[in-house]
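Source file: entry-v5.cif; contents: mmCIF, C-alpha atoms and all ligand atoms; chains and numbers go by the auth columns.
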data_final
loop_
_atom_site.group_PDB
_atom_site.id
_atom_site.type_symbol
_atom_site.label_atom_id
_atom_site.label_comp_id
_atom_site.label_asym_id
_atom_site.label_seq_id
_atom_site.Cartn_x
_atom_site.Cartn_y
_atom_site.Cartn_z
_atom_site.B_iso_or_equiv
_atom_site.auth_seq_id
_atom_site.auth_asym_id
ATOM 1 C CA MET A 1 -2.259 -77.868 20.603 0.00 1 I
ATOM 2 C CA MET A 2 -2.393 -81.610 21.244 0.00 2 I
ATOM 3 C CA LYS A 3 0.853 -83.588 21.573 0.00 3 I
ATOM 4 C CA LYS A 4 2.001 -87.068 22.476 0.00 4 I
ATOM 5 C CA GLU A 5 3.253 -86.661 26.008 0.00 5 I
ATOM 6 C CA GLU A 6 4.624 -88.682 28.908 0.00 6 I
ATOM 7 C CA LEU A 7 3.055 -87.962 32.296 0.00 7 I
ATOM 8 C CA ILE A 8 4.491 -89.197 35.598 0.00 8 I
ATOM 9 C CA VAL A 9 2.032 -90.430 38.239 0.00 9 I
ATOM 10 C CA LYS A 10 2.672 -88.351 41.385 0.00 10 I
ATOM 11 C CA ASP A 11 -0.289 -89.343 43.541 0.00 11 I
ATOM 12 C CA LEU A 12 -3.305 -91.639 43.464 0.00 12 I
ATOM 13 C CA LYS A 13 -6.145 -91.934 45.946 0.00 13 I
ATOM 14 C CA GLU A 14 -9.687 -93.273 46.129 0.00 14 I
ATOM 15 C CA ILE A 15 -11.948 -90.294 46.865 0.00 15 I
ATOM 16 C CA ALA A 16 -15.335 -92.049 46.650 0.00 16 I
ATOM 17 C CA LEU A 17 -16.596 -95.513 45.873 0.00 17 I
ATOM 18 C CA GLU A 18 -14.796 -96.800 42.734 0.00 18 I
ATOM 19 C CA THR A 19 -13.683 -93.218 42.036 0.00 19 I
ATOM 20 C CA TYR A 20 -10.020 -92.193 41.924 0.00 20 I
ATOM 21 C CA GLU A 21 -8.089 -88.942 41.838 0.00 21 I
ATOM 22 C CA MET A 22 -4.725 -89.140 40.066 0.00 22 I
ATOM 23 C CA VAL A 23 -2.152 -86.345 39.980 0.00 23 I
ATOM 24 C CA LEU A 24 0.183 -86.414 36.976 0.00 24 I
ATOM 25 C CA GLU A 25 3.273 -84.361 36.304 0.00 25 I
ATOM 26 C CA ASN A 26 3.792 -82.836 32.860 0.00 26 I
ATOM 27 C CA SER A 27 4.659 -79.211 32.217 0.00 27 I
ATOM 28 C CA PHE A 28 3.262 -78.967 28.660 0.00 28 I
ATOM 29 C CA VAL A 29 -0.197 -80.259 29.648 0.00 29 I
ATOM 30 C CA SER A 30 -0.363 -78.246 32.875 0.00 30 I
ATOM 31 C CA MET A 31 0.583 -75.035 31.046 0.00 31 I
ATOM 32 C CA THR A 32 -1.741 -75.448 28.062 0.00 32 I
ATOM 33 C CA ALA A 33 -4.865 -77.398 29.171 0.00 33 I
ATOM 34 C CA LYS A 34 -8.164 -75.505 28.993 0.00 34 I
ATOM 35 C CA PRO A 35 -11.260 -76.484 31.035 0.00 35 I
ATOM 36 C CA GLY A 36 -13.238 -79.164 29.205 0.00 36 I
ATOM 37 C CA GLN A 37 -10.219 -80.715 27.486 0.00 37 I
ATOM 38 C CA PHE A 38 -9.188 -84.313 28.088 0.00 38 I
ATOM 39 C CA LEU A 39 -6.222 -86.674 28.024 0.00 39 I
ATOM 40 C CA HIS A 40 -6.389 -89.636 25.687 0.00 40 I
ATOM 41 C CA LEU A 41 -4.527 -92.214 27.762 0.00 41 I
ATOM 42 C CA GLN A 42 -2.694 -95.283 26.569 0.00 42 I
ATOM 43 C CA LEU A 43 -3.288 -98.135 29.041 0.00 43 I
ATOM 44 C CA ASP A 44 -1.356 -101.410 29.288 0.00 44 I
ATOM 45 C CA GLY A 45 -2.914 -104.242 27.320 0.00 45 I
ATOM 46 C CA HIS A 46 -5.497 -102.038 25.606 0.00 46 I
ATOM 47 C CA MET A 47 -5.497 -101.138 21.925 0.00 47 I
ATOM 48 C CA LEU A 48 -7.843 -98.209 22.363 0.00 48 I
ATOM 49 C CA ARG A 49 -6.872 -95.191 24.382 0.00 49 I
ATOM 50 C CA ARG A 50 -9.236 -93.967 27.122 0.00 50 I
ATOM 51 C CA PRO A 51 -10.420 -90.334 27.178 0.00 51 I
ATOM 52 C CA ILE A 52 -10.315 -88.907 30.724 0.00 52 I
ATOM 53 C CA SER A 53 -11.279 -85.297 31.502 0.00 53 I
ATOM 54 C CA ILE A 54 -8.902 -82.929 33.192 0.00 54 I
ATOM 55 C CA ALA A 55 -10.225 -81.877 36.620 0.00 55 I
ATOM 56 C CA SER A 56 -7.633 -79.230 37.466 0.00 56 I
ATOM 57 C CA VAL A 57 -4.102 -78.051 36.762 0.00 57 I
ATOM 58 C CA ASP A 58 -1.382 -76.601 38.953 0.00 58 I
ATOM 59 C CA LYS A 59 0.943 -74.506 36.811 0.00 59 I
ATOM 60 C CA GLU A 60 3.422 -73.942 39.636 0.00 60 I
ATOM 61 C CA LYS A 61 3.846 -77.629 40.343 0.00 61 I
ATOM 62 C CA ASN A 62 3.520 -78.641 36.650 0.00 62 I
ATOM 63 C CA THR A 63 0.753 -81.075 37.536 0.00 63 I
ATOM 64 C CA VAL A 64 -2.609 -82.021 36.120 0.00 64 I
ATOM 65 C CA THR A 65 -5.308 -83.871 38.077 0.00 65 I
ATOM 66 C CA ILE A 66 -7.699 -86.386 36.549 0.00 66 I
ATOM 67 C CA LEU A 67 -10.621 -88.177 38.184 0.00 67 I
ATOM 68 C CA PHE A 68 -11.987 -91.461 36.925 0.00 68 I
ATOM 69 C CA LYS A 69 -14.427 -94.143 37.910 0.00 69 I
ATOM 70 C CA ILE A 70 -13.693 -97.840 37.506 0.00 70 I
ATOM 71 C CA ASN A 71 -16.002 -98.995 34.730 0.00 71 I
ATOM 72 C CA GLY A 72 -14.003 -101.733 33.012 0.00 72 I
ATOM 73 C CA SER A 73 -10.592 -103.314 32.684 0.00 73 I
ATOM 74 C CA GLY A 74 -8.958 -100.143 31.292 0.00 74 I
ATOM 75 C CA THR A 75 -9.832 -97.960 34.261 0.00 75 I
ATOM 76 C CA LYS A 76 -9.015 -100.876 36.606 0.00 76 I
ATOM 77 C CA HIS A 77 -5.517 -100.878 35.114 0.00 77 I
ATOM 78 C CA LEU A 78 -5.311 -97.122 35.554 0.00 78 I
ATOM 79 C CA ALA A 79 -6.192 -97.411 39.259 0.00 79 I
ATOM 80 C CA GLY A 80 -3.237 -99.768 39.639 0.00 80 I
ATOM 81 C CA TYR A 81 -0.587 -97.304 38.406 0.00 81 I
ATOM 82 C CA GLN A 82 1.442 -96.173 41.413 0.00 82 I
ATOM 83 C CA PRO A 83 3.522 -92.985 41.857 0.00 83 I
ATOM 84 C CA GLY A 84 6.523 -93.043 39.539 0.00 84 I
ATOM 85 C CA TYR A 85 4.716 -94.854 36.716 0.00 85 I
ATOM 86 C CA VAL A 86 4.971 -93.088 33.342 0.00 86 I
ATOM 87 C CA LEU A 87 1.757 -92.812 31.319 0.00 87 I
ATOM 88 C CA ASN A 88 1.572 -92.020 27.618 0.00 88 I
ATOM 89 C CA ALA A 89 -1.197 -89.702 26.491 0.00 89 I
ATOM 90 C CA LEU A 90 -2.363 -87.512 23.667 0.00 90 I
ATOM 91 C CA GLY A 91 -3.376 -84.161 24.983 0.00 91 I
ATOM 92 C CA PRO A 92 -4.646 -81.787 25.937 0.00 92 I
ATOM 93 C CA ALA A 93 -7.331 -82.982 23.486 0.00 93 I
ATOM 94 C CA GLY A 94 -10.693 -81.566 22.415 0.00 94 I
ATOM 95 C CA ASN A 95 -12.002 -78.030 22.168 0.00 95 I
ATOM 96 C CA GLY A 96 -12.774 -77.170 25.813 0.00 96 I
ATOM 97 C CA PHE A 97 -15.461 -74.832 27.139 0.00 97 I
ATOM 98 C CA THR A 98 -16.104 -71.454 25.567 0.00 98 I
ATOM 99 C CA LEU A 99 -16.050 -68.869 28.342 0.00 99 I
ATOM 100 C CA ASP A 100 -19.051 -66.624 27.883 0.00 100 I
ATOM 101 C CA SER A 101 -17.894 -63.046 28.475 0.00 101 I
ATOM 102 C CA GLU A 102 -21.450 -61.690 28.910 0.00 102 I
ATOM 103 C CA SER A 103 -22.532 -63.927 31.781 0.00 103 I
ATOM 104 C CA SER A 104 -22.037 -62.918 35.385 0.00 104 I
ATOM 105 C CA THR A 105 -23.848 -65.813 37.087 0.00 105 I
ATOM 106 C CA ILE A 106 -23.022 -69.286 35.825 0.00 106 I
ATOM 107 C CA LEU A 107 -24.725 -72.563 36.643 0.00 107 I
ATOM 108 C CA LEU A 108 -22.598 -75.743 36.587 0.00 108 I
ATOM 109 C CA ILE A 109 -24.538 -79.024 36.335 0.00 109 I
ATOM 110 C CA GLY A 110 -22.555 -82.242 36.662 0.00 110 I
ATOM 111 C CA GLY A 111 -23.559 -85.873 36.871 0.00 111 I
ATOM 112 C CA GLY A 112 -21.248 -88.578 38.281 0.00 112 I
ATOM 113 C CA ILE A 113 -17.918 -88.704 36.537 0.00 113 I
ATOM 114 C CA GLY A 114 -19.084 -85.740 34.405 0.00 114 I
ATOM 115 C CA VAL A 115 -18.371 -83.517 37.434 0.00 115 I
ATOM 116 C CA PRO A 116 -14.529 -83.225 37.121 0.00 116 I
ATOM 117 C CA PRO A 117 -14.209 -80.966 34.030 0.00 117 I
ATOM 118 C CA LEU A 118 -16.682 -78.537 35.636 0.00 118 I
ATOM 119 C CA TYR A 119 -14.305 -78.114 38.562 0.00 119 I
ATOM 120 C CA HIS A 120 -11.503 -76.946 36.274 0.00 120 I
ATOM 121 C CA LEU A 121 -13.989 -74.602 34.590 0.00 121 I
ATOM 122 C CA GLY A 122 -15.413 -73.332 37.902 0.00 122 I
ATOM 123 C CA LYS A 123 -11.966 -72.421 39.217 0.00 123 I
ATOM 124 C CA GLN A 124 -11.243 -70.425 36.087 0.00 124 I
ATOM 125 C CA LEU A 125 -14.627 -68.673 36.187 0.00 125 I
ATOM 126 C CA LEU A 126 -14.081 -67.754 39.823 0.00 126 I
ATOM 127 C CA ASP A 127 -10.734 -66.197 38.871 0.00 127 I
ATOM 128 C CA LYS A 128 -12.729 -64.081 36.414 0.00 128 I
ATOM 129 C CA GLN A 129 -15.031 -62.909 39.233 0.00 129 I
ATOM 130 C CA ARG A 130 -18.112 -64.831 38.076 0.00 130 I
ATOM 131 C CA LYS A 131 -20.755 -65.981 40.546 0.00 131 I
ATOM 132 C CA ILE A 132 -21.026 -69.758 40.430 0.00 132 I
ATOM 133 C CA ILE A 133 -23.889 -72.040 41.405 0.00 133 I
ATOM 134 C CA SER A 134 -23.330 -75.799 41.159 0.00 134 I
ATOM 135 C CA ILE A 135 -25.686 -78.764 41.045 0.00 135 I
ATOM 136 C CA LEU A 136 -23.910 -82.114 41.362 0.00 136 I
ATOM 137 C CA GLY A 137 -25.736 -85.411 40.956 0.00 137 I
ATOM 138 C CA PHE A 138 -24.566 -88.870 42.087 0.00 138 I
ATOM 139 C CA GLN A 139 -26.057 -92.360 42.393 0.00 139 I
ATOM 140 C CA SER A 140 -25.794 -92.407 46.192 0.00 140 I
ATOM 141 C CA LYS A 141 -23.843 -91.039 49.166 0.00 141 I
ATOM 142 C CA ASP A 142 -20.917 -93.426 48.597 0.00 142 I
ATOM 143 C CA TYR A 143 -20.251 -91.929 45.162 0.00 143 I
ATOM 144 C CA VAL A 144 -20.244 -88.256 46.198 0.00 144 I
ATOM 145 C CA PHE A 145 -16.943 -86.437 45.682 0.00 145 I
ATOM 146 C CA TYR A 146 -15.562 -82.855 45.507 0.00 146 I
ATOM 147 C CA GLU A 147 -18.457 -81.371 47.519 0.00 147 I
ATOM 148 C CA LYS A 148 -16.083 -79.206 49.573 0.00 148 I
ATOM 149 C CA GLU A 149 -14.133 -78.155 46.483 0.00 149 I
ATOM 150 C CA PHE A 150 -17.300 -76.923 44.743 0.00 150 I
ATOM 151 C CA GLN A 151 -18.526 -75.206 47.922 0.00 151 I
ATOM 152 C CA GLU A 152 -15.319 -73.163 47.790 0.00 152 I
ATOM 153 C CA LEU A 153 -16.456 -71.942 44.349 0.00 153 I
ATOM 154 C CA GLY A 154 -19.980 -70.973 45.458 0.00 154 I
ATOM 155 C CA GLU A 155 -23.475 -72.225 46.324 0.00 155 I
ATOM 156 C CA THR A 156 -23.551 -76.015 45.807 0.00 156 I
ATOM 157 C CA HIS A 157 -26.484 -78.435 45.706 0.00 157 I
ATOM 158 C CA ILE A 158 -25.916 -82.187 45.982 0.00 158 I
ATOM 159 C CA VAL A 159 -28.528 -84.554 44.574 0.00 159 I
ATOM 160 C CA THR A 160 -28.505 -88.347 44.923 0.00 160 I
ATOM 161 C CA ASN A 161 -30.771 -90.691 43.001 0.00 161 I
ATOM 162 C CA ASP A 162 -31.618 -92.719 46.116 0.00 162 I
ATOM 163 C CA GLY A 163 -31.776 -89.770 48.541 0.00 163 I
ATOM 164 C CA SER A 164 -28.972 -91.152 50.749 0.00 164 I
ATOM 165 C CA TYR A 165 -27.267 -87.721 50.701 0.00 165 I
ATOM 166 C CA GLY A 166 -28.420 -84.223 49.760 0.00 166 I
ATOM 167 C CA THR A 167 -31.740 -83.975 47.938 0.00 167 I
ATOM 168 C CA GLN A 168 -33.326 -87.056 46.407 0.00 168 I
ATOM 169 C CA GLY A 169 -33.865 -87.064 42.661 0.00 169 I
ATOM 170 C CA PHE A 170 -32.061 -85.918 39.544 0.00 170 I
ATOM 171 C CA VAL A 171 -30.074 -82.777 38.810 0.00 171 I
ATOM 172 C CA THR A 172 -33.074 -81.304 36.994 0.00 172 I
ATOM 173 C CA ASP A 173 -35.146 -81.582 40.213 0.00 173 I
ATOM 174 C CA ALA A 174 -32.691 -79.184 41.859 0.00 174 I
ATOM 175 C CA LEU A 175 -33.222 -76.530 39.175 0.00 175 I
ATOM 176 C CA LYS A 176 -36.338 -75.245 40.947 0.00 176 I
ATOM 177 C CA ASN A 177 -34.303 -74.506 44.109 0.00 177 I
ATOM 178 C CA ILE A 178 -31.831 -72.110 42.576 0.00 178 I
ATOM 179 C CA GLY A 179 -31.978 -68.432 41.652 0.00 179 I
ATOM 180 C CA ASP A 180 -31.575 -66.894 38.238 0.00 180 I
ATOM 181 C CA PHE A 181 -28.430 -67.373 36.187 0.00 181 I
ATOM 182 C CA ASP A 182 -27.155 -66.206 32.790 0.00 182 I
ATOM 183 C CA SER A 183 -25.762 -69.375 31.250 0.00 183 I
ATOM 184 C CA TYR A 184 -25.001 -72.964 32.135 0.00 184 I
ATOM 185 C CA TYR A 185 -22.354 -75.613 31.526 0.00 185 I
ATOM 186 C CA SER A 186 -23.150 -79.277 31.953 0.00 186 I
ATOM 187 C CA CYS A 187 -21.357 -82.609 31.739 0.00 187 I
ATOM 188 C CA GLY A 188 -22.639 -86.091 32.479 0.00 188 I
ATOM 189 C CA PRO A 189 -24.417 -89.041 30.894 0.00 189 I
ATOM 190 C CA ILE A 190 -26.458 -88.405 27.713 0.00 190 I
ATOM 191 C CA PRO A 191 -29.917 -88.920 29.343 0.00 191 I
ATOM 192 C CA MET A 192 -29.001 -86.301 31.955 0.00 192 I
ATOM 193 C CA LEU A 193 -27.758 -83.851 29.308 0.00 193 I
ATOM 194 C CA ARG A 194 -30.912 -84.408 27.251 0.00 194 I
ATOM 195 C CA SER A 195 -33.052 -83.618 30.250 0.00 195 I
ATOM 196 C CA VAL A 196 -30.948 -80.577 31.223 0.00 196 I
ATOM 197 C CA SER A 197 -31.036 -79.073 27.739 0.00 197 I
ATOM 198 C CA SER A 198 -34.781 -79.565 27.358 0.00 198 I
ATOM 199 C CA ASN A 199 -35.463 -78.081 30.824 0.00 199 I
ATOM 200 C CA LEU A 200 -33.204 -75.120 30.030 0.00 200 I
ATOM 201 C CA GLU A 201 -34.080 -74.803 26.368 0.00 201 I
ATOM 202 C CA HIS A 202 -34.273 -71.006 26.445 0.00 202 I
ATOM 203 C CA LYS A 203 -31.019 -70.505 28.296 0.00 203 I
ATOM 204 C CA ASN A 204 -27.573 -70.146 26.817 0.00 204 I
ATOM 205 C CA GLY A 205 -25.852 -73.428 27.597 0.00 205 I
ATOM 206 C CA TYR A 206 -22.925 -75.660 26.740 0.00 206 I
ATOM 207 C CA ILE A 207 -22.765 -79.417 27.192 0.00 207 I
ATOM 208 C CA SER A 208 -19.743 -81.688 27.300 0.00 208 I
ATOM 209 C CA LEU A 209 -20.260 -85.212 26.003 0.00 209 I
ATOM 210 C CA GLU A 210 -18.559 -88.225 27.511 0.00 210 I
ATOM 211 C CA GLU A 211 -18.139 -90.896 24.927 0.00 211 I
ATOM 212 C CA ARG A 212 -15.985 -93.923 24.322 0.00 212 I
ATOM 213 C CA MET A 213 -13.599 -92.985 21.529 0.00 213 I
ATOM 214 C CA GLY A 214 -11.346 -94.650 19.006 0.00 214 I
ATOM 215 C CA CYS A 215 -8.509 -92.601 17.573 0.00 215 I
ATOM 216 C CA GLY A 216 -9.312 -89.442 19.530 0.00 216 I
ATOM 217 C CA VAL A 217 -7.973 -87.276 16.703 0.00 217 I
ATOM 218 C CA GLY A 218 -10.875 -87.163 14.237 0.00 218 I
ATOM 219 C CA ALA A 219 -9.736 -89.978 11.936 0.00 219 I
ATOM 220 C CA CYS A 220 -12.012 -92.968 12.662 0.00 220 I
ATOM 221 C CA PHE A 221 -15.682 -91.802 12.963 0.00 221 I
ATOM 222 C CA ALA A 222 -16.139 -93.793 16.225 0.00 222 I
ATOM 223 C CA CYS A 223 -17.533 -90.819 18.092 0.00 223 I
ATOM 224 C CA VAL A 224 -19.905 -89.041 15.693 0.00 224 I
ATOM 225 C CA ILE A 225 -23.079 -87.343 16.892 0.00 225 I
ATOM 226 C CA PRO A 226 -25.792 -85.849 14.664 0.00 226 I
ATOM 227 C CA THR A 227 -26.264 -82.101 14.556 0.00 227 I
ATOM 228 C CA ASP A 228 -29.621 -80.566 15.380 0.00 228 I
ATOM 229 C CA ASN A 229 -30.274 -79.385 11.804 0.00 229 I
ATOM 230 C CA ASN A 230 -29.314 -80.213 8.175 0.00 230 I
ATOM 231 C CA GLY A 231 -28.445 -83.910 8.761 0.00 231 I
ATOM 232 C CA GLY A 232 -24.768 -83.296 9.390 0.00 232 I
ATOM 233 C CA TYR A 233 -22.695 -84.631 12.232 0.00 233 I
ATOM 234 C CA ARG A 234 -19.894 -83.657 14.571 0.00 234 I
ATOM 235 C CA LYS A 235 -16.986 -85.662 15.916 0.00 235 I
ATOM 236 C CA ILE A 236 -16.944 -85.564 19.706 0.00 236 I
ATOM 237 C CA CYS A 237 -13.166 -86.034 19.938 0.00 237 I
ATOM 238 C CA LYS A 238 -12.239 -83.244 17.549 0.00 238 I
ATOM 239 C CA ASP A 239 -15.211 -80.864 17.221 0.00 239 I
ATOM 240 C CA GLY A 240 -16.122 -81.400 20.909 0.00 240 I
ATOM 241 C CA PRO A 241 -16.404 -82.727 23.511 0.00 241 I
ATOM 242 C CA VAL A 242 -18.072 -79.376 24.279 0.00 242 I
ATOM 243 C CA PHE A 243 -20.983 -78.158 22.130 0.00 243 I
ATOM 244 C CA HIS A 244 -23.588 -75.442 22.410 0.00 244 I
ATOM 245 C CA HIS A 245 -26.704 -77.302 23.533 0.00 245 I
ATOM 246 C CA LYS A 246 -28.495 -76.322 20.295 0.00 246 I
ATOM 247 C CA GLU A 247 -25.674 -77.581 18.069 0.00 247 I
ATOM 248 C CA VAL A 248 -26.121 -81.362 18.488 0.00 248 I
ATOM 249 C CA SER A 249 -29.058 -83.767 18.679 0.00 249 I
ATOM 250 C CA LEU A 250 -28.828 -85.912 21.798 0.00 250 I
HETATM 251 FE FE1 LIG B . -11.927 -91.305 16.001 0.00 301 O
HETATM 252 FE FE2 LIG B . -13.454 -89.408 17.131 0.00 301 O
HETATM 253 S S1 LIG B . -12.563 -91.105 18.062 0.00 301 O
HETATM 254 S S2 LIG B . -13.066 -89.706 15.035 0.00 301 O
#

Re-express the file's structure as structure tokens.
Ligand code: FES
Amino acid sequence: MMKKEELIVKDLKEIALETYEMVLENSFVSMTAKPGQFLHLQLDGHMLRRPISIASVDKEKNTVTILFKINGSGTKHLAGYQPGYVLNALGPAGNGFTLDSESSTILLIGGGIGVPPLYHLGKQLLDKQRKIISILGFQSKDYVFYEKEFQELGETHIVTNDGSYGTQGFVTDALKNIGDFDSYYSCGPIPMLRSVSSNLEHKNGYISLEERMGCGVGACFACVIPTDNNGGYRKICKDGPVFHHKEVSL
């Protein structure tokens, strides 16, 4: 259930170039957020809220962690909020990932700031005794984050576009270096998701779409995406952001 909530900034640090980790305190969100859900944040001086994925929760400390990259004035504002600041947000919003009960080996494929929701998911899958393999793609070495955190979940492959760290190329290049798996979950920019779902067409997979949104509650049509059949559409904020890879047309 999504609610209007106040979250207190507890910690903020830069963990990679232009990339920040923010810990927020709020018991309702920390107790109810599912992997793949997001917070729709109200930022000073901005009419439109910003959707930011939840990267992890700590139910004992009542905290939720978000990661974001500076990509405009809204996120620049966000990076300026110091501990003690109170943020307004709608959340936890969106449907979240469906946990596939049949799969024992799961592949996580994240690109850039699409990586954070996969961490929340990976932690939950590990608690359910699943084997996890991760492929994480970044522009370059300076943008790499959460490598150690994913290594604690299982085998992890880092790919950078310029080859300055890990393997050079795109996340799909790393697919040939991994063993078999039962299903995959992916989050990142649309071109990456398009390439992942066409490379893994015959696999069971779920993709999470990152999209600028308006209302965030299904009322404004700012975030529609066509479905793969019958000419219909889905709203990313309400029907998603997670879809089966065969459900939507990228
Ligand atoms: Fe308004 Fe999705 S953002 S319908």

Coordinates-based distance that separates CA of Phe145 in chain I from CA of Lys123 in chain I (Å, one decimal): 16.2 Å

Near Leu118 in chain I, counting all atoms listed in the file, which residues have an atom at most 9 Å away, once you skip same-chain residues fewer than 5 positions from it, shown as a PyMOL selection string? chain I and resi 35-36+55+108-110+123+185-187

Would you place a box with edges along x, y and z of the file around all atoms of ligand LIG 301 (chain O) listed there, add 3 Å to each of its six sides, and report the centre and edge lengths in Å to one decimal, as AutoDock Vina command-line options?
--center_x -12.7 --center_y -90.4 --center_z 16.5 --size_x 7.5 --size_y 7.9 --size_z 9.0

Please, which residues have at least one atom within 7 Å of an atom of ligand LIG 301 (chain O), using only C-alpha atoms and all ligand atoms, listed as an MDAnalysis selection string? chainID I and resid 213:224 235:238

Could those residues be written to a file, using C-alpha atoms, as a short mmCIF file (atom, residue, chain, number, x, y, z; two decimals), in the frame of the given file?
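Produced file out-v3.cif, reproduced below:
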data_model
loop_
_atom_site.label_atom_id
_atom_site.label_comp_id
_atom_site.auth_asym_id
_atom_site.auth_seq_id
_atom_site.Cartn_x
_atom_site.Cartn_y
_atom_site.Cartn_z
CA MET I 213 -13.60 -92.98 21.53
CA GLY I 214 -11.35 -94.65 19.01
CA CYS I 215 -8.51 -92.60 17.57
CA GLY I 216 -9.31 -89.44 19.53
CA VAL I 217 -7.97 -87.28 16.70
CA GLY I 218 -10.88 -87.16 14.24
CA ALA I 219 -9.74 -89.98 11.94
CA CYS I 220 -12.01 -92.97 12.66
CA PHE I 221 -15.68 -91.80 12.96
CA ALA I 222 -16.14 -93.79 16.23
CA CYS I 223 -17.53 -90.82 18.09
CA VAL I 224 -19.90 -89.04 15.69
CA LYS I 235 -16.99 -85.66 15.92
CA ILE I 236 -16.94 -85.56 19.71
CA CYS I 237 -13.17 -86.03 19.94
CA LYS I 238 -12.24 -83.24 17.55
#

What does the PyMOL selection byres (((chain I and resi 210) around 8) and not hetatm) select in this file, as a PDB file with C-alpha atoms, keeping the file's coordinate frame?
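Just written: out.pdb:
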ATOM      1  CA  GLY I 114     -19.084 -85.740  34.405  1.00  0.00           C
ATOM      2  CA  CYS I 187     -21.357 -82.609  31.739  1.00  0.00           C
ATOM      3  CA  GLY I 188     -22.639 -86.091  32.479  1.00  0.00           C
ATOM      4  CA  PRO I 189     -24.417 -89.041  30.894  1.00  0.00           C
ATOM      5  CA  ILE I 190     -26.458 -88.405  27.713  1.00  0.00           C
ATOM      6  CA  SER I 208     -19.743 -81.688  27.300  1.00  0.00           C
ATOM      7  CA  LEU I 209     -20.260 -85.212  26.003  1.00  0.00           C
ATOM      8  CA  GLU I 211     -18.139 -90.896  24.927  1.00  0.00           C
ATOM      9  CA  ARG I 212     -15.985 -93.923  24.322  1.00  0.00           C
ATOM     10  CA  PRO I 241     -16.404 -82.727  23.511  1.00  0.00           C
TER      11      PRO I 241
END

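Of the residues listed (I:Ser198, I:Ser103, I:Ser53, I:Gln37), I:Ser53 shows the shortest atom-to-atom separation from Phe68 in chain I; distances use all atoms listed in the file.
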
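When CA of Thr172 in chain I is paired with CA of Leu126 in chain I, their separation reads 23.5 Å.
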
Here's the selection I'm unsure about, the PyMOL selection byres (((chain I and resi 27) around 8) and not hetatm); applied to the file above, which residues does it give, as an MDAnalysis selection string? chainID I and resid 25:26 28:31 59 62:63

Hey, what's within 8 Å of Leu7 in chain I if we count all atoms listed in the file and toss same-chain stuff fewer than 3 positions away? As a ChimeraX atom specification, please? /I:24-26,86-89

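Distances from I:Ser56, I:Gln42, I:Thr156, I:Asn71 to Thr19 in chain I were compared using all atoms listed in the file, and the smallest one belongs to I:Asn71.
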
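Within 10 Å of the point (-24.2, -92.2, 42.8), and counting only C-alpha atoms, the protein, DNA and RNA residues are Ala16, Leu17, Gly111, Gly112, Ile113, Gly137, Phe138, Gln139, Ser140, Lys141, Asp142, Tyr143, Val144, Phe145, Val159, Thr160, Asn161, Asp162, Gly163, Ser164 and Tyr165 of chain I.
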
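The closest residue to Ile8 in chain I, picked from I:Leu43, I:Leu48, I:Val64, I:Leu136 and counting only C-alpha atoms, is I:Val64.
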
In file coordinates, which residues lie within 10 Å of (-19.5, -69.3, 39.4) using all atoms listed in the file, given as JSON, numbers by chain? {"I": [103, 104, 105, 106, 107, 108, 121, 122, 123, 124, 125, 126, 127, 128, 129, 130, 131, 132, 133, 134, 150, 153, 154, 155, 181, 184]}

Apply the PyMOL selection byres (((chain I and resi 90) around 9) and not hetatm) to the structure shown and report the selected residues as an mmCIF file with C-alpha atoms, in the frame of the given file.
data_model
loop_
_atom_site.group_PDB
_atom_site.id
_atom_site.type_symbol
_atom_site.label_atom_id
_atom_site.label_comp_id
_atom_site.auth_asym_id
_atom_site.auth_seq_id
_atom_site.Cartn_x
_atom_site.Cartn_y
_atom_site.Cartn_z
ATOM 1 C CA MET I 2 -2.393 -81.610 21.244
ATOM 2 C CA LYS I 3 0.853 -83.588 21.573
ATOM 3 C CA LYS I 4 2.001 -87.068 22.476
ATOM 4 C CA GLU I 5 3.253 -86.661 26.008
ATOM 5 C CA GLU I 6 4.624 -88.682 28.908
ATOM 6 C CA PHE I 38 -9.188 -84.313 28.088
ATOM 7 C CA LEU I 39 -6.222 -86.674 28.024
ATOM 8 C CA HIS I 40 -6.389 -89.636 25.687
ATOM 9 C CA LEU I 41 -4.527 -92.214 27.762
ATOM 10 C CA GLN I 42 -2.694 -95.283 26.569
ATOM 11 C CA ARG I 49 -6.872 -95.191 24.382
ATOM 12 C CA ASN I 88 1.572 -92.020 27.618
ATOM 13 C CA ALA I 89 -1.197 -89.702 26.491
ATOM 14 C CA GLY I 91 -3.376 -84.161 24.983
ATOM 15 C CA PRO I 92 -4.646 -81.787 25.937
ATOM 16 C CA ALA I 93 -7.331 -82.982 23.486
ATOM 17 C CA GLY I 216 -9.312 -89.442 19.530
ATOM 18 C CA VAL I 217 -7.973 -87.276 16.703
#

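CA of Ile225 in chain I lies 13.0 Å from CA of Ile207 in chain I.
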
Counting only C-alpha atoms, figure out which residue out of I:His157, I:Lys246, I:Lys10, I:Lys34 gets nearest to Tyr85 in chain I. I:Lys10

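Using only C-alpha atoms, the nearest neighbour of Asp173 in chain I within the list I:Gln151, I:Thr65, I:Ser195, I:Asn230 is I:Ser195.
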
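Checking I:Gly179, I:Ala79, I:Val171, I:Glu147 one by one against Asn199 in chain I, counting only C-alpha atoms, you find the shortest gap at I:Val171.
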
Identify, on the basis of all atoms listed in the file, every residue whose closest approach to His244 in chain I does not exceed 8 Å; exclude the query and any residue fewer than 6 positions from it along the same chain; express the result as a count of residues only. 4
